[in-house]
Structures are given as structure tokens and as C-alpha cells.
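The data block below is entry29.pdb; it holds PDB, N, CA and C atoms, pLDDT in the B column.
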ATOM      1  N   MET A   1      99.017  31.386 -40.039  1.00 59.00           N
ATOM      2  CA  MET A   1      97.666  31.910 -39.991  1.00 59.00           C
ATOM      3  C   MET A   1      97.427  32.531 -38.625  1.00 59.00           C
ATOM      4  N   ASN A   2      96.863  33.721 -38.599  1.00 74.00           N
ATOM      5  CA  ASN A   2      96.462  34.355 -37.350  1.00 74.00           C
ATOM      6  C   ASN A   2      95.275  33.611 -36.774  1.00 74.00           C
ATOM      7  N   LYS A   3      95.017  33.847 -35.508  1.00 86.00           N
ATOM      8  CA  LYS A   3      93.870  33.218 -34.868  1.00 86.00           C
ATOM      9  C   LYS A   3      92.592  33.671 -35.582  1.00 86.00           C
ATOM     10  N   PRO A   4      91.794  32.712 -36.080  1.00 83.00           N
ATOM     11  CA  PRO A   4      90.580  33.100 -36.819  1.00 83.00           C
ATOM     12  C   PRO A   4      89.516  33.694 -35.889  1.00 83.00           C
ATOM     13  N   PHE A   5      88.738  34.599 -36.435  1.00 95.00           N
ATOM     14  CA  PHE A   5      87.655  35.227 -35.692  1.00 95.00           C
ATOM     15  C   PHE A   5      86.521  34.236 -35.469  1.00 95.00           C
ATOM     16  N   PHE A   6      86.243  33.397 -36.478  1.00 95.00           N
ATOM     17  CA  PHE A   6      85.214  32.367 -36.350  1.00 95.00           C
ATOM     18  C   PHE A   6      85.566  31.165 -37.217  1.00 95.00           C
ATOM     19  N   SER A   7      84.878  30.052 -36.965  1.00 97.00           N
ATOM     20  CA  SER A   7      85.097  28.815 -37.716  1.00 97.00           C
ATOM     21  C   SER A   7      83.831  28.430 -38.452  1.00 97.00           C
ATOM     22  N   VAL A   8      83.995  27.950 -39.668  1.00 97.00           N
ATOM     23  CA  VAL A   8      82.894  27.392 -40.443  1.00 97.00           C
ATOM     24  C   VAL A   8      83.098  25.885 -40.408  1.00 97.00           C
ATOM     25  N   ILE A   9      82.168  25.173 -39.776  1.00 98.00           N
ATOM     26  CA  ILE A   9      82.268  23.727 -39.638  1.00 98.00           C
ATOM     27  C   ILE A   9      81.424  23.083 -40.737  1.00 98.00           C
ATOM     28  N   ILE A  10      82.060  22.203 -41.520  1.00 98.00           N
ATOM     29  CA  ILE A  10      81.359  21.535 -42.616  1.00 98.00           C
ATOM     30  C   ILE A  10      81.477  20.024 -42.427  1.00 98.00           C
ATOM     31  N   PRO A  11      80.393  19.365 -42.008  1.00 98.00           N
ATOM     32  CA  PRO A  11      80.417  17.904 -41.955  1.00 98.00           C
ATOM     33  C   PRO A  11      80.153  17.356 -43.358  1.00 98.00           C
ATOM     34  N   THR A  12      80.773  16.215 -43.695  1.00 97.00           N
ATOM     35  CA  THR A  12      80.566  15.659 -45.028  1.00 97.00           C
ATOM     36  C   THR A  12      80.711  14.142 -45.026  1.00 97.00           C
ATOM     37  N   PHE A  13      80.074  13.522 -45.993  1.00 97.00           N
ATOM     38  CA  PHE A  13      80.231  12.090 -46.255  1.00 97.00           C
ATOM     39  C   PHE A  13      79.895  11.836 -47.725  1.00 97.00           C
ATOM     40  N   ASN A  14      80.899  11.484 -48.505  1.00 96.00           N
ATOM     41  CA  ASN A  14      80.754  11.173 -49.934  1.00 96.00           C
ATOM     42  C   ASN A  14      80.020  12.269 -50.709  1.00 96.00           C
ATOM     43  N   ARG A  15      80.427  13.501 -50.492  1.00 95.00           N
ATOM     44  CA  ARG A  15      79.817  14.640 -51.197  1.00 95.00           C
ATOM     45  C   ARG A  15      80.883  15.536 -51.815  1.00 95.00           C
ATOM     46  N   ALA A  16      81.934  14.956 -52.355  1.00 94.00           N
ATOM     47  CA  ALA A  16      83.026  15.757 -52.920  1.00 94.00           C
ATOM     48  C   ALA A  16      82.519  16.728 -53.976  1.00 94.00           C
ATOM     49  N   ASP A  17      81.527  16.303 -54.759  1.00 92.00           N
ATOM     50  CA  ASP A  17      80.994  17.175 -55.811  1.00 92.00           C
ATOM     51  C   ASP A  17      80.297  18.402 -55.243  1.00 92.00           C
ATOM     52  N   LYS A  18      79.577  18.256 -54.156  1.00 94.00           N
ATOM     53  CA  LYS A  18      78.877  19.384 -53.529  1.00 94.00           C
ATOM     54  C   LYS A  18      79.797  20.163 -52.588  1.00 94.00           C
ATOM     55  N   LEU A  19      80.730  19.494 -51.970  1.00 96.00           N
ATOM     56  CA  LEU A  19      81.653  20.139 -51.038  1.00 96.00           C
ATOM     57  C   LEU A  19      82.485  21.204 -51.734  1.00 96.00           C
ATOM     58  N   ASN A  20      82.875  20.929 -52.953  1.00 94.00           N
ATOM     59  CA  ASN A  20      83.623  21.871 -53.767  1.00 94.00           C
ATOM     60  C   ASN A  20      82.873  23.204 -53.870  1.00 94.00           C
ATOM     61  N   ILE A  21      81.598  23.148 -54.143  1.00 96.00           N
ATOM     62  CA  ILE A  21      80.759  24.353 -54.265  1.00 96.00           C
ATOM     63  C   ILE A  21      80.663  25.070 -52.920  1.00 96.00           C
ATOM     64  N   CYS A  22      80.486  24.316 -51.863  1.00 97.00           N
ATOM     65  CA  CYS A  22      80.362  24.879 -50.517  1.00 97.00           C
ATOM     66  C   CYS A  22      81.630  25.630 -50.107  1.00 97.00           C
ATOM     67  N   ILE A  23      82.787  25.005 -50.313  1.00 97.00           N
ATOM     68  CA  ILE A  23      84.057  25.632 -49.939  1.00 97.00           C
ATOM     69  C   ILE A  23      84.283  26.906 -50.739  1.00 97.00           C
ATOM     70  N   LYS A  24      84.012  26.869 -52.036  1.00 97.00           N
ATOM     71  CA  LYS A  24      84.174  28.067 -52.871  1.00 97.00           C
ATOM     72  C   LYS A  24      83.287  29.201 -52.386  1.00 97.00           C
ATOM     73  N   SER A  25      82.091  28.879 -51.946  1.00 97.00           N
ATOM     74  CA  SER A  25      81.168  29.891 -51.443  1.00 97.00           C
ATOM     75  C   SER A  25      81.712  30.557 -50.182  1.00 97.00           C
ATOM     76  N   VAL A  26      82.240  29.763 -49.272  1.00 97.00           N
ATOM     77  CA  VAL A  26      82.806  30.324 -48.041  1.00 97.00           C
ATOM     78  C   VAL A  26      84.025  31.185 -48.363  1.00 97.00           C
ATOM     79  N   LEU A  27      84.904  30.698 -49.230  1.00 97.00           N
ATOM     80  CA  LEU A  27      86.116  31.444 -49.571  1.00 97.00           C
ATOM     81  C   LEU A  27      85.822  32.748 -50.325  1.00 97.00           C
ATOM     82  N   ALA A  28      84.658  32.854 -50.929  1.00 96.00           N
ATOM     83  CA  ALA A  28      84.295  34.052 -51.684  1.00 96.00           C
ATOM     84  C   ALA A  28      83.837  35.211 -50.788  1.00 96.00           C
ATOM     85  N   GLN A  29      83.708  34.974 -49.497  1.00 94.00           N
ATOM     86  CA  GLN A  29      83.260  36.025 -48.590  1.00 94.00           C
ATOM     87  C   GLN A  29      84.314  37.124 -48.491  1.00 94.00           C
ATOM     88  N   THR A  30      83.880  38.332 -48.242  1.00 94.00           N
ATOM     89  CA  THR A  30      84.815  39.449 -48.160  1.00 94.00           C
ATOM     90  C   THR A  30      85.558  39.480 -46.824  1.00 94.00           C
ATOM     91  N   PHE A  31      84.953  38.965 -45.774  1.00 93.00           N
ATOM     92  CA  PHE A  31      85.607  38.886 -44.469  1.00 93.00           C
ATOM     93  C   PHE A  31      86.556  37.691 -44.516  1.00 93.00           C
ATOM     94  N   ALA A  32      87.811  37.886 -44.165  1.00 91.00           N
ATOM     95  CA  ALA A  32      88.819  36.833 -44.370  1.00 91.00           C
ATOM     96  C   ALA A  32      89.328  36.180 -43.085  1.00 91.00           C
ATOM     97  N   SER A  33      88.921  36.660 -41.924  1.00 95.00           N
ATOM     98  CA  SER A  33      89.457  36.112 -40.684  1.00 95.00           C
ATOM     99  C   SER A  33      88.595  34.941 -40.184  1.00 95.00           C
ATOM    100  N   PHE A  34      88.684  33.830 -40.895  1.00 96.00           N
ATOM    101  CA  PHE A  34      87.932  32.638 -40.526  1.00 96.00           C
ATOM    102  C   PHE A  34      88.741  31.402 -40.895  1.00 96.00           C
ATOM    103  N   GLU A  35      88.297  30.275 -40.385  1.00 96.00           N
ATOM    104  CA  GLU A  35      88.855  29.004 -40.797  1.00 96.00           C
ATOM    105  C   GLU A  35      87.701  28.107 -41.234  1.00 96.00           C
ATOM    106  N   ILE A  36      87.992  27.172 -42.111  1.00 98.00           N
ATOM    107  CA  ILE A  36      87.013  26.178 -42.531  1.00 98.00           C
ATOM    108  C   ILE A  36      87.482  24.843 -41.968  1.00 98.00           C
ATOM    109  N   VAL A  37      86.636  24.237 -41.164  1.00 98.00           N
ATOM    110  CA  VAL A  37      86.945  22.935 -40.580  1.00 98.00           C
ATOM    111  C   VAL A  37      86.029  21.912 -41.236  1.00 98.00           C
ATOM    112  N   ILE A  38      86.622  20.998 -41.987  1.00 98.00           N
ATOM    113  CA  ILE A  38      85.853  19.974 -42.676  1.00 98.00           C
ATOM    114  C   ILE A  38      86.007  18.669 -41.908  1.00 98.00           C
ATOM    115  N   ILE A  39      84.882  18.122 -41.477  1.00 98.00           N
ATOM    116  CA  ILE A  39      84.867  16.856 -40.756  1.00 98.00           C
ATOM    117  C   ILE A  39      84.273  15.807 -41.701  1.00 98.00           C
ATOM    118  N   ASP A  40      85.121  14.900 -42.151  1.00 97.00           N
ATOM    119  CA  ASP A  40      84.721  13.863 -43.106  1.00 97.00           C
ATOM    120  C   ASP A  40      84.439  12.573 -42.341  1.00 97.00           C
ATOM    121  N   ASN A  41      83.228  12.088 -42.446  1.00 97.00           N
ATOM    122  CA  ASN A  41      82.816  10.898 -41.704  1.00 97.00           C
ATOM    123  C   ASN A  41      83.076   9.614 -42.494  1.00 97.00           C
ATOM    124  N   GLY A  42      84.313   9.473 -43.002  1.00 96.00           N
ATOM    125  CA  GLY A  42      84.714   8.227 -43.661  1.00 96.00           C
ATOM    126  C   GLY A  42      84.389   8.142 -45.135  1.00 96.00           C
ATOM    127  N   SER A  43      84.410   9.246 -45.846  1.00 96.00           N
ATOM    128  CA  SER A  43      84.102   9.240 -47.274  1.00 96.00           C
ATOM    129  C   SER A  43      85.018   8.307 -48.057  1.00 96.00           C
ATOM    130  N   THR A  44      84.461   7.731 -49.121  1.00 96.00           N
ATOM    131  CA  THR A  44      85.224   6.851 -50.009  1.00 96.00           C
ATOM    132  C   THR A  44      85.248   7.399 -51.434  1.00 96.00           C
ATOM    133  N   ASP A  45      84.870   8.654 -51.610  1.00 95.00           N
ATOM    134  CA  ASP A  45      84.783   9.254 -52.950  1.00 95.00           C
ATOM    135  C   ASP A  45      85.917  10.238 -53.242  1.00 95.00           C
ATOM    136  N   ASN A  46      87.072  10.058 -52.609  1.00 93.00           N
ATOM    137  CA  ASN A  46      88.250  10.913 -52.822  1.00 93.00           C
ATOM    138  C   ASN A  46      88.037  12.362 -52.400  1.00 93.00           C
ATOM    139  N   THR A  47      87.262  12.568 -51.365  1.00 95.00           N
ATOM    140  CA  THR A  47      87.013  13.917 -50.857  1.00 95.00           C
ATOM    141  C   THR A  47      88.317  14.617 -50.482  1.00 95.00           C
ATOM    142  N   GLU A  48      89.170  13.931 -49.734  1.00 95.00           N
ATOM    143  CA  GLU A  48      90.432  14.541 -49.308  1.00 95.00           C
ATOM    144  C   GLU A  48      91.291  14.930 -50.502  1.00 95.00           C
ATOM    145  N   LYS A  49      91.384  14.066 -51.490  1.00 95.00           N
ATOM    146  CA  LYS A  49      92.188  14.347 -52.686  1.00 95.00           C
ATOM    147  C   LYS A  49      91.647  15.577 -53.416  1.00 95.00           C
ATOM    148  N   MET A  50      90.331  15.688 -53.523  1.00 94.00           N
ATOM    149  CA  MET A  50      89.719  16.844 -54.184  1.00 94.00           C
ATOM    150  C   MET A  50      90.093  18.128 -53.454  1.00 94.00           C
ATOM    151  N   ILE A  51      90.039  18.106 -52.132  1.00 95.00           N
ATOM    152  CA  ILE A  51      90.365  19.301 -51.344  1.00 95.00           C
ATOM    153  C   ILE A  51      91.826  19.689 -51.557  1.00 95.00           C
ATOM    154  N   LEU A  52      92.716  18.712 -51.511  1.00 92.00           N
ATOM    155  CA  LEU A  52      94.147  18.998 -51.677  1.00 92.00           C
ATOM    156  C   LEU A  52      94.471  19.536 -53.064  1.00 92.00           C
ATOM    157  N   ILE A  53      93.798  19.030 -54.085  1.00 94.00           N
ATOM    158  CA  ILE A  53      94.059  19.463 -55.464  1.00 94.00           C
ATOM    159  C   ILE A  53      93.426  20.816 -55.754  1.00 94.00           C
ATOM    160  N   GLU A  54      92.185  21.006 -55.325  1.00 95.00           N
ATOM    161  CA  GLU A  54      91.424  22.211 -55.673  1.00 95.00           C
ATOM    162  C   GLU A  54      91.767  23.440 -54.825  1.00 95.00           C
ATOM    163  N   PHE A  55      92.144  23.225 -53.569  1.00 96.00           N
ATOM    164  CA  PHE A  55      92.276  24.349 -52.642  1.00 96.00           C
ATOM    165  C   PHE A  55      93.632  24.350 -51.959  1.00 96.00           C
ATOM    166  N   ASN A  56      94.329  25.454 -52.106  1.00 93.00           N
ATOM    167  CA  ASN A  56      95.602  25.657 -51.425  1.00 93.00           C
ATOM    168  C   ASN A  56      95.429  26.870 -50.513  1.00 93.00           C
ATOM    169  N   ASP A  57      94.730  26.651 -49.409  1.00 95.00           N
ATOM    170  CA  ASP A  57      94.404  27.742 -48.506  1.00 95.00           C
ATOM    171  C   ASP A  57      94.652  27.286 -47.070  1.00 95.00           C
ATOM    172  N   SER A  58      95.482  27.998 -46.364  1.00 94.00           N
ATOM    173  CA  SER A  58      95.845  27.596 -45.003  1.00 94.00           C
ATOM    174  C   SER A  58      94.673  27.692 -44.027  1.00 94.00           C
ATOM    175  N   ARG A  59      93.594  28.328 -44.429  1.00 95.00           N
ATOM    176  CA  ARG A  59      92.424  28.431 -43.556  1.00 95.00           C
ATOM    177  C   ARG A  59      91.580  27.158 -43.559  1.00 95.00           C
ATOM    178  N   ILE A  60      91.870  26.235 -44.468  1.00 97.00           N
ATOM    179  CA  ILE A  60      91.098  24.993 -44.559  1.00 97.00           C
ATOM    180  C   ILE A  60      91.783  23.907 -43.746  1.00 97.00           C
ATOM    181  N   ARG A  61      91.025  23.318 -42.822  1.00 97.00           N
ATOM    182  CA  ARG A  61      91.521  22.207 -42.006  1.00 97.00           C
ATOM    183  C   ARG A  61      90.614  21.007 -42.268  1.00 97.00           C
ATOM    184  N   TYR A  62      91.208  19.871 -42.574  1.00 97.00           N
ATOM    185  CA  TYR A  62      90.465  18.674 -42.955  1.00 97.00           C
ATOM    186  C   TYR A  62      90.725  17.551 -41.961  1.00 97.00           C
ATOM    187  N   PHE A  63      89.660  16.924 -41.497  1.00 97.00           N
ATOM    188  CA  PHE A  63      89.768  15.809 -40.571  1.00 97.00           C
ATOM    189  C   PHE A  63      88.928  14.645 -41.091  1.00 97.00           C
ATOM    190  N   TRP A  64      89.551  13.490 -41.238  1.00 96.00           N
ATOM    191  CA  TRP A  64      88.844  12.286 -41.656  1.00 96.00           C
ATOM    192  C   TRP A  64      88.701  11.389 -40.447  1.00 96.00           C
ATOM    193  N   GLN A  65      87.503  10.845 -40.260  1.00 93.00           N
ATOM    194  CA  GLN A  65      87.296   9.929 -39.122  1.00 93.00           C
ATOM    195  C   GLN A  65      86.530   8.720 -39.566  1.00 93.00           C
TER     196      GLN A  65
END
Take the structure in the file and write it out as C-alpha cells.
Amino acid sequence: MNKPFFSVIIPTFNRADKLNICIKSVLAQTFASFEIVIIDNGSTDNTEKMILIEFNDSRIRYFWQ
């Protein structure tokens, strides 16, 4: 991945159902030089698994804390 022009930061906690919609919205933009940084504050609803299954995009970076 080239250096992104900007980052979209998405904080989340147990919102896998809504996060899916949010990520799709960002990926639908016509400008492609960005990264999505998802900061998960300890979700227990399989958020990480949903991201790995639904999205195969190198612009998505996921951090669980």
C-alpha cells in the first residue's frame, strides 16, 4: 500500500453490526488514497472476525485494546 493521503479513524465497542455499514460507506468513496484505522475498545461480539471475513482490503488496519 502506498502512503495514504488521509486516515479514517473508527472507534468501536460491540458494534459489529453497525461497523459493517460504516466500513462499506468509507470504501464506497471514489477517492482511494486513504486508510481505515479501526480501534476496538475490547469488543466481545466478534468484531475482528467480522472484519476479517467481510473485508479483504489492505487499507483497513484493526487494533484491539
Please evaluate the PyMOL selection byres (((chain A and resi 7-17 and name CA) around 10) and name CA) against the structure above and give the resulting residues as number ranges by chain. A: 4-6, 18-23, 26, 33-51, 59-64
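Between atom N of Gln65 (chain A) and CA of Ala32 (chain A) lies a distance of 26.3 Å.
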As lines of an AutoDock Vina configuration file, please: the centre and edge lengths in Å, to one decimal, of an axis-aligned box enclosing every listed atom of region 26-41 of chain A with 3 Å added on each side.
center_x = 85.8
center_y = 24.5
center_z = -45.9
size_x = 13.2
size_y = 35.9
size_z = 17.5
Select from chain A everything DSSP, run on the backbone, classes as strand (DSSP E), then give the selection as a PyMOL selection string. chain A and resi 6-12+34-40+60-64
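As for CA of Lys3 (chain A) and atom C of Leu52 (chain A), they are spaced 22.8 Å apart.
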